[in-house]
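J.: Here it is: the structure, laid out below.
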Amino acid sequence: MAGQTVSAGFNDQDIIQTSRALSGWTVSRGALAESRDAVSQAPAGTFTYIRALHNNQAGSFMGVNLAPLSADMAQGSKVIEITALHPATATFVVTKIARRIFGDAPPKTVVARGVDAWIAHQSAPNQIAKVLEAMLIDGPEVGNAASVKVRRPYEHFLAIVRTTDMVLNASPQMGTYFDSVRDGLHSWTGPNGRPDNNAYWLGTGSNLLTWNSSLQLPFGEIALASTLDQQTPDSAKASPTGLVEYWVERMIGFQVSSDAMTALISDQADSQGVLAALRKSSNALTVEGAYRRLAGLISTTSEFVYR
Amino acid sequence: MHLTRRSLLTAASTSALATVAPGLTIARAAGATNNILVALFLRGGSDGLQLAAPAGDQNYIAARPTIRIQSSGANAGLGIGSLGGTDFYFHPALTELKALYDARTLAVVHATGVVTEDRSHFTVQDFMERGIADGEPALVTGWLARHLNSMGAGAGSLDAISTGPAINTALVGHASAAAIADTNSFSVRGAEANSQAIRAIVAAGSNAYEQSAIRTLNDVATVRAALRAANSSTSSTAEYTNGDLSAPLRTLAALIKANIGVAAATVDMGGWDNHQALVPAFQGRATELSRALNAFWNDLSAFQDRLTIVTMTEFGRRFQENANQGTDHGSAAVMLAIGAGVTGGKIYGAWPGLAANQLHSGDLRVTTDYRQVLAELVVKRHAETSVAAVFPTLKYAPLGLFS
């Protein structure tokens, strides 16, 4: 964790003791279990502890001697407990939550309240609720926050699907489509997680993938299974303006900038627009393609990109 | 024909870039050289004691009983001379790089890295890409960005490229840096109407997204026009591999040959975090490194008097091999410098030795701050006039690696 190692006060030896303390914690292989883990009756794929695999040489972790803890899983549990109760953990996790909600530079007041609540309620069963209450309800910041976080490419794609009630046939491509910006499932290889800052996601590669998936993927690579035309009231089909207004309201819920509105209406007034497709073609796929392209274009507005 | 940013934007805004004359070059800021710097980051911690091994050292032989590079016999390392009285051997898979070394095109810096107790990939990569030492306040910008900004480079051209999904941290803060993972997919899909509509939607440029969107559209237009104009010269006969380093290097070579004004680029290569079964894994990585770099170098034969490549990695590995025939996170490692201005065929740095009392927390000691290599690179090859602007706390002491 960048910048956290020093302030959290652990060192190389603590890492070694952690790996010893957690040895024997594993995933059951069920029927494939070897004799040494036959003690575990856990079904395959579930967590299990195998005493024979536990290295009992662990010494001091963060100043606490683990050696006397001899019960099953006691050493590993102690490591998790010490880590969970460490103030640096509270700061680290609360800052991440705050960054997710308030943007790349969240208000210090929000973080401070969250950390205090974390520590005050750290043994409470509703600790997460208490922390979120402190961050979001116990101060004015959330009401004042502008939309400052951009959707990642995959979130963006899902948001289009969700806000248009598109029904997609699952496709293998969906599993890997976002890998090129490392936003696909399991495609972020490091244990540090995807960066949750706008600078990373507002780049050329990310923008292009977001646009291209929005404009093409829904009808190019995933089979047609529903139509947006059926969802569109006839009144909205009377003019490009009506059409754009209807789908902006559906997808965003409030108005886009007048520049973006003008651009969308102008695009829809042209031959590539939905109304032209409705006039020209009785092919449902062609019409749906034009609708999904419109949805893709609406998704390129700032109002949609900022979540 | 030279383009300024303003004329380029004007051209792009009327989608007329396709009509720009073939062979266009983007004007560079006054004072800058037209040299090209490529920073290759070996992600995961590349084991410098396997890449350039002190294969005959008795401590090395004792510490690495199953994985060590041999100094003689079948599959022996490739001798590259000595440093501080110790003989070094390239990993035997580095045959192409050995040839470049023998031709004095490639130099080795040993026992280099970040002076730190930290062994986190992310923390130490962050130090390196931001160009700072451990314990210093984190800088928001990357070292290469500060260098380019200090030179007044770019001015809106595509002067800095990250050949990956996003801008490399080393280039964060340089406004004209672009991420281009693959020239083939670097386009807005579908009819031209799609690009035009998006351009109109984001035209106001009133927030970070709209500004980045305008830049993306401009970059796409520039790159596509330049690639079209230079189509014949970007085709490659160099013998790239099908591997993961060849792909970004091939893309970068095409962009350089398209004369879009690349002054600096970052490339990543992963797979160096060999905690277990290091020997076969390292064999594969070293082979790809050697062949892909050699292909890139040959592909850009027309640019060899301008092109300089440096490799870096966040740390080397523990001196002692582990119980899984691998090595864990360690300290000092190796940097390579290849190409124009490199006084090659030589190992640079100060060899700290591998006896117990010479190690740093049990590992190869860092004797050359990695920033010295990068600072000398930008000073000698890119006419950087302010080391302090790039590496604020570095006491500049060049190794004489570049001329």
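Ligands are numbered from 1 in the order shown, chains are lettered A, B, ... in the order of the structure tokens, and residues start at 1 in each chain.
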Mind running chain A against chain B at 7 Å and telling me each contacting residue's nearest atom pair with the distance in Å (one decimal), counting only C-alpha atoms, chain and number ascending, as a tab-separated table?
T.:
```
residue	atom	partner	partner_atom	distance
A:Met1	CA	B:Thr123	CA	6.7
A:Ala2	CA	B:Thr123	CA	4.6
A:Gly3	CA	B:Thr123	CA	6.7
A:Ser180	CA	B:Pro165	CA	6.1
A:Val181	CA	B:Pro165	CA	4.5
A:Tyr200	CA	B:Ala166	CA	6.3
A:Leu202	CA	B:Ser212	CA	6.1
A:Gly203	CA	B:Ala166	CA	6.1
A:Thr204	CA	B:Thr216	CA	4.9
A:Gly205	CA	B:Pro165	CA	5.4
A:Ser206	CA	B:Pro165	CA	6.9
A:Asn207	CA	B:Ala213	CA	6.7
A:Leu208	CA	B:Val188	CA	6.3
A:Asn212	CA	B:Arg189	CA	5.7
A:Asp259	CA	B:Ile201	CA	6.4
A:Ala260	CA	B:Ile201	CA	4.2
A:Ala263	CA	B:Ile201	CA	5.4
A:Asp267	CA	B:Ala197	CA	6.3
A:Leu297	CA	B:Ile198	CA	6.8
A:Thr300	CA	B:Ile198	CA	6.7
A:Thr301	CA	B:Ile201	CA	6.3
A:Ser302	CA	B:Tyr209	CA	6.7
```
J.: Excluding Lys108 of chain A and any residue of its chain fewer than 6 positions from it, enumerate the residues within 12 Å of it, using only C-alpha atoms, and give them as a list in words.
T.: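 Close residues of Lys108 of chain A: Thr91, Val94, Thr95, Ala98, Arg99, Phe102, Gly114, Val115, Met135, Gly139 and Glu141 of chain A.
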J.: Take the residues from that selection and write them out as a PDB file, in the first residue's frame, keeping N, CA and C atoms.
T.:
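See result.pdb below for the written result:
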```pdb
ATOM      1  N   THR A  91      -7.588   4.571   8.775  1.00  0.00           N
ATOM      2  CA  THR A  91      -7.327   5.701   7.875  1.00  0.00           C
ATOM      3  C   THR A  91      -7.303   5.252   6.427  1.00  0.00           C
ATOM      4  N   VAL A  94     -10.984   4.098   5.297  1.00  0.00           N
ATOM      5  CA  VAL A  94     -11.916   5.232   5.272  1.00  0.00           C
ATOM      6  C   VAL A  94     -11.544   6.202   4.147  1.00  0.00           C
ATOM      7  N   THR A  95     -10.256   6.408   3.930  1.00  0.00           N
ATOM      8  CA  THR A  95      -9.835   7.293   2.841  1.00  0.00           C
ATOM      9  C   THR A  95     -10.271   6.728   1.497  1.00  0.00           C
ATOM     10  N   ALA A  98     -13.955   7.368   1.143  1.00  0.00           N
ATOM     11  CA  ALA A  98     -14.196   8.797   0.912  1.00  0.00           C
ATOM     12  C   ALA A  98     -13.807   9.192  -0.506  1.00  0.00           C
ATOM     13  N   ARG A  99     -12.719   8.615  -0.996  1.00  0.00           N
ATOM     14  CA  ARG A  99     -12.270   8.936  -2.348  1.00  0.00           C
ATOM     15  C   ARG A  99     -13.296   8.435  -3.371  1.00  0.00           C
ATOM     16  N   PHE A 102     -16.354  11.091  -2.702  1.00  0.00           N
ATOM     17  CA  PHE A 102     -16.151  12.537  -2.775  1.00  0.00           C
ATOM     18  C   PHE A 102     -15.109  12.958  -3.808  1.00  0.00           C
ATOM     19  N   GLY A 114     -14.927   9.558   9.814  1.00  0.00           N
ATOM     20  CA  GLY A 114     -14.992   8.136   9.522  1.00  0.00           C
ATOM     21  C   GLY A 114     -13.993   7.346  10.350  1.00  0.00           C
ATOM     22  N   VAL A 115     -12.794   7.874  10.486  1.00  0.00           N
ATOM     23  CA  VAL A 115     -11.756   7.185  11.267  1.00  0.00           C
ATOM     24  C   VAL A 115     -12.175   7.112  12.739  1.00  0.00           C
ATOM     25  N   MET A 135     -19.591   9.396   8.049  1.00  0.00           N
ATOM     26  CA  MET A 135     -19.032  10.055   6.864  1.00  0.00           C
ATOM     27  C   MET A 135     -20.098  10.803   6.074  1.00  0.00           C
ATOM     28  N   GLY A 139     -22.417  15.124   8.688  1.00  0.00           N
ATOM     29  CA  GLY A 139     -21.802  16.366   8.231  1.00  0.00           C
ATOM     30  C   GLY A 139     -22.437  16.807   6.934  1.00  0.00           C
ATOM     31  N   GLU A 141     -21.035  17.578   4.063  1.00  0.00           N
ATOM     32  CA  GLU A 141     -20.242  17.494   2.833  1.00  0.00           C
ATOM     33  C   GLU A 141     -20.968  16.786   1.694  1.00  0.00           C
TER      34      GLU A 141
END
```
J.: Using atom CA of Trp351 of chain B and atom CA of Gly84 of chain B as the two end points, give the distance in Å to one decimal.
T.: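 Atom CA of Trp351 of chain B sits 5.5 Å away from atom CA of Gly84 of chain B.
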J.: Just list the residues in segment 98-263 of chain A DSSP gives alpha helix (DSSP H) on the backbone, as a PyMOL selection string.
T.: chain A and resi 98-102+108-120+127-136+141-144+153-164+172-176+198-201+204-215+217-220+228-231+240-251+258-263
J.: Would you mind reading off the distance between atom CA of Thr176 of chain A and atom CA of Gly193 of chain A, one decimal, in Å?
T.: 17.5 Å
J.: Run DSSP on the backbone and tell me which residues of segment 49-211 of chain A come out as strand (DSSP E or B); list them as a PDB file with N, CA and C atoms, in the first residue's frame.
T.:
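Result file states24.pdb:
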```pdb
ATOM      1  N   TYR A  49      -9.049 -25.066   7.741  1.00  0.00           N
ATOM      2  CA  TYR A  49      -7.756 -24.953   8.421  1.00  0.00           C
ATOM      3  C   TYR A  49      -7.160 -26.336   8.563  1.00  0.00           C
ATOM      4  N   SER A  60       7.311 -12.551  16.934  1.00  0.00           N
ATOM      5  CA  SER A  60       6.665 -11.285  17.254  1.00  0.00           C
ATOM      6  C   SER A  60       6.087 -10.629  16.000  1.00  0.00           C
ATOM      7  N   PHE A  61       4.807 -10.249  16.078  1.00  0.00           N
ATOM      8  CA  PHE A  61       4.166  -9.500  14.993  1.00  0.00           C
ATOM      9  C   PHE A  61       3.705  -8.162  15.541  1.00  0.00           C
ATOM     10  N   VAL A  64       3.664  -7.936  19.200  1.00  0.00           N
ATOM     11  CA  VAL A  64       2.905  -8.917  19.987  1.00  0.00           C
ATOM     12  C   VAL A  64       3.495 -10.304  19.734  1.00  0.00           C
ATOM     13  N   ASN A  65       3.804 -11.014  20.798  1.00  0.00           N
ATOM     14  CA  ASN A  65       4.397 -12.342  20.636  1.00  0.00           C
ATOM     15  C   ASN A  65       3.318 -13.370  20.324  1.00  0.00           C
ATOM     16  N   VAL A 150     -15.544   9.853 -12.281  1.00  0.00           N
ATOM     17  CA  VAL A 150     -15.985   9.302 -13.564  1.00  0.00           C
ATOM     18  C   VAL A 150     -16.180   7.798 -13.434  1.00  0.00           C
ATOM     19  N   LEU A 168     -29.198  -8.210 -22.627  1.00  0.00           N
ATOM     20  CA  LEU A 168     -28.063  -8.684 -23.420  1.00  0.00           C
ATOM     21  C   LEU A 168     -27.925 -10.179 -23.271  1.00  0.00           C
TER      22      LEU A 168
END
```
J.: Give me, please, the distance in Å between atom CA of Val378 of chain B and atom CA of Met269 of chain B, quoted to one decimal.
T.: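 Going from atom CA of Val378 of chain B over to atom CA of Met269 of chain B, I get 22.0 Å.
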